[in-house]
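K.L.:
Pasting coords32.tsv here (TSV, C-alpha atoms):
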chain	number	residue	atom	x	y	z
A	1	MET	CA	103.07	24.38	68.58
A	2	PHE	CA	105.16	24.25	65.42
A	3	LEU	CA	107.56	21.54	64.32
A	4	THR	CA	110.02	21.96	61.46
A	5	GLN	CA	112.20	19.19	60.06
A	6	THR	CA	115.17	20.08	57.85
A	7	PHE	CA	117.24	17.71	55.72
A	8	ILE	CA	120.57	18.81	54.24
A	9	TYR	CA	122.17	16.65	51.56
A	10	THR	CA	125.78	17.38	50.57
A	11	LEU	CA	126.35	17.25	46.81
A	12	THR	CA	129.93	18.59	46.92
A	13	PRO	CA	132.04	19.92	49.81
A	14	LYS	CA	130.84	23.45	48.94
A	15	PHE	CA	127.25	22.83	47.84
A	16	ASP	CA	124.32	21.37	49.81
A	17	ILE	CA	120.66	20.84	48.96
A	18	LEU	CA	118.23	21.82	51.70
A	19	ILE	CA	114.67	20.49	52.14
A	20	SER	CA	112.54	21.72	55.04
A	21	GLY	CA	108.96	20.94	55.99
A	22	GLY	CA	106.77	22.21	58.77
A	23	GLY	CA	103.58	21.32	60.54
A	24	SER	CA	101.63	22.55	63.52
A	25	TYR	CA	99.24	21.60	66.28
A	26	ALA	CA	96.63	24.08	67.49
A	27	ARG	CA	93.89	23.77	70.09
A	28	GLN	CA	90.92	26.11	69.95
A	29	GLU	CA	89.04	26.28	73.27
A	30	TYR	CA	85.64	27.90	73.59
A	31	THR	CA	82.33	27.94	75.44
A	32	ASN	CA	79.32	26.95	73.34
A	33	PHE	CA	77.02	29.96	73.13
A	34	PHE	CA	73.81	27.88	73.12
A	35	THR	CA	74.62	25.21	75.73
A	36	ASN	CA	77.19	27.12	77.83
A	37	ALA	CA	79.33	23.96	77.72
A	38	TYR	CA	83.10	24.08	77.41
A	39	SER	CA	84.45	22.52	74.23
A	40	HIS	CA	87.55	22.47	72.03
A	41	LYS	CA	88.78	21.62	68.55
A	42	ASP	CA	92.23	20.23	67.82
A	43	ARG	CA	93.99	20.77	64.51
A	44	ILE	CA	97.11	19.00	63.29
A	45	GLY	CA	98.27	19.99	59.86
A	46	PHE	CA	100.93	20.43	57.22
A	47	ASP	CA	102.03	24.08	56.89
A	48	ASN	CA	104.90	24.37	54.40
A	49	LEU	CA	107.61	22.75	52.30
A	50	TRP	CA	110.78	24.68	51.42
A	51	LEU	CA	113.54	23.78	48.96
A	52	GLY	CA	116.91	25.50	48.69
A	53	PHE	CA	120.67	25.30	48.66
A	54	ILE	CA	123.64	26.23	50.83
A	55	TYR	CA	126.90	27.42	49.27
A	56	THR	CA	129.97	27.31	51.52
A	57	GLY	CA	132.89	29.60	50.70
A	58	ASP	CA	136.56	29.43	51.59
A	59	SER	CA	137.38	30.30	55.20
A	60	ILE	CA	138.14	33.86	56.24
A	61	ALA	CA	140.48	33.65	59.26
A	62	ASP	CA	138.67	31.10	61.49
A	63	LEU	CA	135.20	31.76	60.05
A	64	ILE	CA	133.47	29.99	57.16
A	65	PRO	CA	131.04	32.06	55.05
A	66	GLN	CA	127.82	30.50	53.80
A	67	ILE	CA	125.03	31.72	51.52
A	68	THR	CA	121.62	30.04	51.86
A	69	PHE	CA	118.71	30.48	49.45
A	70	GLN	CA	115.28	28.91	49.98
A	71	THR	CA	111.92	29.10	48.25
A	72	ALA	CA	108.59	27.94	49.63
A	73	VAL	CA	107.46	25.22	47.24
A	74	VAL	CA	104.08	25.16	49.00
A	75	GLN	CA	102.57	27.04	51.96
A	76	ARG	CA	99.14	26.23	53.40
A	77	GLU	CA	97.43	29.28	54.88
A	78	LYS	CA	94.02	30.05	56.33
A	79	ALA	CA	92.02	33.29	56.29
A	80	ILE	CA	88.36	33.67	57.27
A	81	ASN	CA	87.52	29.96	57.10
A	82	GLN	CA	89.28	29.43	53.76
A	83	THR	CA	92.38	27.25	53.64
A	84	LYS	CA	94.46	27.60	50.51
A	85	ASN	CA	97.80	26.35	49.20
A	86	PHE	CA	100.22	28.91	47.76
A	87	TYR	CA	103.11	27.92	45.52
A	88	LEU	CA	106.49	29.73	45.23
A	89	LYS	CA	105.20	32.85	47.04
A	90	SER	CA	108.03	33.27	49.59
A	91	GLN	CA	111.82	33.29	49.27
A	92	SER	CA	114.65	33.75	51.72
A	93	LEU	CA	118.31	34.74	51.24
A	94	GLN	CA	120.73	34.50	54.15
A	95	ALA	CA	124.46	35.17	54.65
A	96	SER	CA	126.25	33.67	57.63
A	97	LEU	CA	129.68	33.27	59.19
A	98	ARG	CA	130.25	29.95	60.95
A	99	GLY	CA	132.99	29.08	63.43
A	100	TYR	CA	134.10	26.14	65.54
A	101	SER	CA	135.58	25.89	69.03
A	102	ASP	CA	135.47	22.35	70.45
A	103	PRO	CA	132.76	21.27	71.38
A	104	VAL	CA	130.76	24.22	69.97
A	105	VAL	CA	129.79	25.27	66.43
A	106	TYR	CA	128.51	28.86	66.28
A	107	SER	CA	127.26	31.22	63.60
A	108	ILE	CA	126.01	34.74	63.12
A	109	TYR	CA	123.75	35.57	60.21
A	110	THR	CA	121.64	38.17	58.49
A	111	GLY	CA	119.01	37.75	55.85
A	112	PHE	CA	116.07	38.97	53.83
A	113	GLY	CA	112.65	37.35	53.41
A	114	TYR	CA	110.48	38.17	50.41
A	115	ASN	CA	106.70	37.59	50.39
A	116	GLN	CA	104.42	37.92	47.37
A	117	SER	CA	100.78	38.79	48.00
A	118	ARG	CA	98.25	36.03	48.75
A	119	LYS	CA	94.80	36.07	47.12
A	120	PHE	CA	91.90	34.38	48.89
A	121	LYS	CA	88.25	34.50	47.77
A	122	THR	CA	87.53	37.82	49.47
A	123	LEU	CA	90.97	38.94	50.65
A	124	LYS	CA	94.28	39.99	49.18
A	125	ILE	CA	96.94	39.83	51.90
A	126	GLU	CA	100.36	41.48	51.54
A	127	TYR	CA	102.47	40.26	54.47
A	128	GLY	CA	105.40	42.54	53.83
A	129	ASN	CA	109.03	41.56	53.51
A	130	SER	CA	111.40	41.03	56.42
A	131	ILE	CA	115.00	41.54	57.41
A	132	TYR	CA	116.66	39.68	60.25
A	133	VAL	CA	119.86	39.07	62.21
A	134	GLY	CA	120.62	36.23	64.57
A	135	GLY	CA	122.98	33.70	65.99
A	136	ASP	CA	123.08	29.94	66.50
A	137	LEU	CA	125.04	27.78	68.89
A	138	SER	CA	125.34	23.99	68.53
A	139	ILE	CA	126.90	22.01	71.36
A	140	ILE	CA	128.29	18.70	70.11
A	141	LEU	CA	127.14	15.96	72.48
A	142	SER	CA	128.43	13.05	70.35
A	143	PRO	CA	129.64	12.67	66.75
A	144	LYS	CA	125.99	12.29	65.65
A	145	ILE	CA	124.00	14.45	68.12
A	146	THR	CA	124.03	18.19	68.90
A	147	LEU	CA	122.00	20.47	71.16
A	148	ASP	CA	121.02	23.60	69.22
A	149	LEU	CA	120.25	27.07	70.63
A	150	GLY	CA	119.34	30.17	68.66
A	151	ALA	CA	118.27	33.79	68.93
A	152	GLU	CA	116.93	35.97	66.14
A	153	GLN	CA	115.59	39.50	65.73
A	154	ARG	CA	113.29	39.95	62.73
A	155	PHE	CA	111.66	43.12	61.44
A	156	GLN	CA	108.50	42.49	59.40
A	157	MET	CA	107.42	45.33	57.12
A	158	LYS	CA	103.89	46.76	57.03
A	159	GLN	CA	101.05	44.37	56.23
A	160	LYS	CA	98.09	45.23	54.01
A	161	ILE	CA	94.73	43.53	53.57
A	162	ASN	CA	92.74	44.47	50.46
A	163	GLY	CA	95.06	47.44	49.96
A	164	TYR	CA	94.56	48.87	53.47
A	165	GLN	CA	97.48	48.90	55.86
A	166	ASN	CA	96.60	47.06	59.08
A	167	SER	CA	99.97	46.94	60.85
A	168	GLU	CA	103.15	48.91	61.27
A	169	VAL	CA	106.67	47.51	61.06
A	170	ARG	CA	106.80	44.68	63.59
A	171	SER	CA	109.71	43.55	65.72
A	172	ILE	CA	109.69	39.77	66.17
A	173	PRO	CA	112.30	38.36	68.57
A	174	THR	CA	112.65	34.55	68.56
A	175	LEU	CA	114.46	32.08	70.79
A	176	SER	CA	114.84	28.50	69.58
A	177	LEU	CA	115.87	25.19	71.08
A	178	GLY	CA	116.39	21.96	69.19
A	179	SER	CA	118.54	18.98	68.48
A	180	THR	CA	120.30	17.63	65.40
A	181	TYR	CA	120.91	13.99	64.56
A	182	SER	CA	123.22	13.11	61.67
A	183	ILE	CA	122.19	10.13	59.53
A	184	ASN	CA	125.44	10.38	57.55
A	185	SER	CA	127.63	7.30	58.09
A	186	ASP	CA	130.77	9.49	57.84
A	187	THR	CA	130.01	11.05	61.25
A	188	ALA	CA	130.01	7.75	63.16
Kindly present the structure from the file in structure tokens form.
P.N.:
Amino acid sequence: MFLTQTFIYTLTPKFDILISGGGSYARQEYTNFFTNAYSHKDRIGFDNLWLGFIYTGDSIADLIPQITFQTAVVQREKAINQTKNFYLKSQSLQASLRGYSDPVVYSIYTGFGYNQSRKFKTLKIEYGNSIYVGGDLSIILSPKITLDLGAEQRFQMKQKINGYQNSEVRSIPTLSLGSTYSINSDTA
């Protein structure tokens, strides 16, 4: 299970700072080879911290264009029993069109994700870059709370480990469900 928390701070009406952090919970279940007893290990951990900005343009008809750029300040990854932190190795650039029809805020977007290679003790992993398209729908439940739904189709390019390709282009569809709470006093 993954949990991501995003904070957006408005500097000017057209420029926002974005900070996003993520963590995960994983349960590894197994049977002990020597005792034949069932056992498990739980892991709760920090995965990443992203920093970026959102630029909002002037409206085009009823749609508002936005450009979002993010960079991974730190990403914690594990490969063959080695956990390592990587700094500034992934970036994301996204263009979106946002609209509003009471009580719904909707957007369509497309973007590009860039990944630099990761070097572990015995491995060099090249994840490949990605392109994606998607849409979001936020239903306004109150001035401070929304219910958020999303769908995205991502295409991840070929992955290499130690220079050898070990995957083809991958199609990664994603559905998301969440909620937003505004801590801004202006929305009360």
K.L.:
Could you check which of A:Gln28, A:Thr4, A:Gln94, A:Ile64 is closest to Trp50 of chain A, using only C-alpha atoms?
P.N.:
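Ranking A:Gln28, A:Thr4, A:Gln94, A:Ile64 by distance to Trp50 of chain A, first place goes to A:Thr4.
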K.L.:
Would you kindly return, as a list in words, each protein, DNA or RNA residue with an atom no farther than 12 Å from any atom of Ser96 of chain A, considering only C-alpha atoms and excluding same-chain residues fewer than 3 positions away?
P.N.:
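In the requested form, the answer reads Ile54, Tyr55, Thr56, Gly57, Ser59, Ile60, Leu63, Ile64, Pro65, Gln66, Ile67, Thr68, Phe69, Leu93, Gly99, Tyr106, Ser107, Ile108, Tyr109, Thr110, Gly111, Tyr132, Val133, Gly134, Gly135 and Asp136 of chain A.
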K.L.:
Residues within 12 Å of Thr122 of chain A, please, as a count of residues only. Count only C-alpha atoms; anything in the same chain fewer than 6 positions from it doesn't count.
P.N.:
6
K.L.:
Kindly extract all protein, DNA and RNA residues lying within 9 Å of the coordinates (124.2, 11.9, 51.8) given in the file, considering only C-alpha atoms, and supply them as an MDAnalysis selection string.
P.N.:
chainID A and resid 8:11 183:185
K.L.:
Could you turn the residues from that selection into a file that holds C-alpha atoms, as a PDB file, in the frame of the given file?
P.N.:
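Output contents, as saved in out.pdb:
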ATOM      1  CA  ILE A   8     120.570  18.810  54.240  1.00  0.00           C
ATOM      2  CA  TYR A   9     122.170  16.650  51.560  1.00  0.00           C
ATOM      3  CA  THR A  10     125.780  17.380  50.570  1.00  0.00           C
ATOM      4  CA  LEU A  11     126.350  17.250  46.810  1.00  0.00           C
ATOM      5  CA  ILE A 183     122.190  10.130  59.530  1.00  0.00           C
ATOM      6  CA  ASN A 184     125.440  10.380  57.550  1.00  0.00           C
ATOM      7  CA  SER A 185     127.630   7.300  58.090  1.00  0.00           C
TER       8      SER A 185
END
K.L.:
For atom CA of Lys158 of chain A and atom CA of Arg170 of chain A, quote the distance in Å rounded to one decimal.
P.N.:
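Answer for the atom CA of Lys158 of chain A to atom CA of Arg170 of chain A separation: 7.5 Å.
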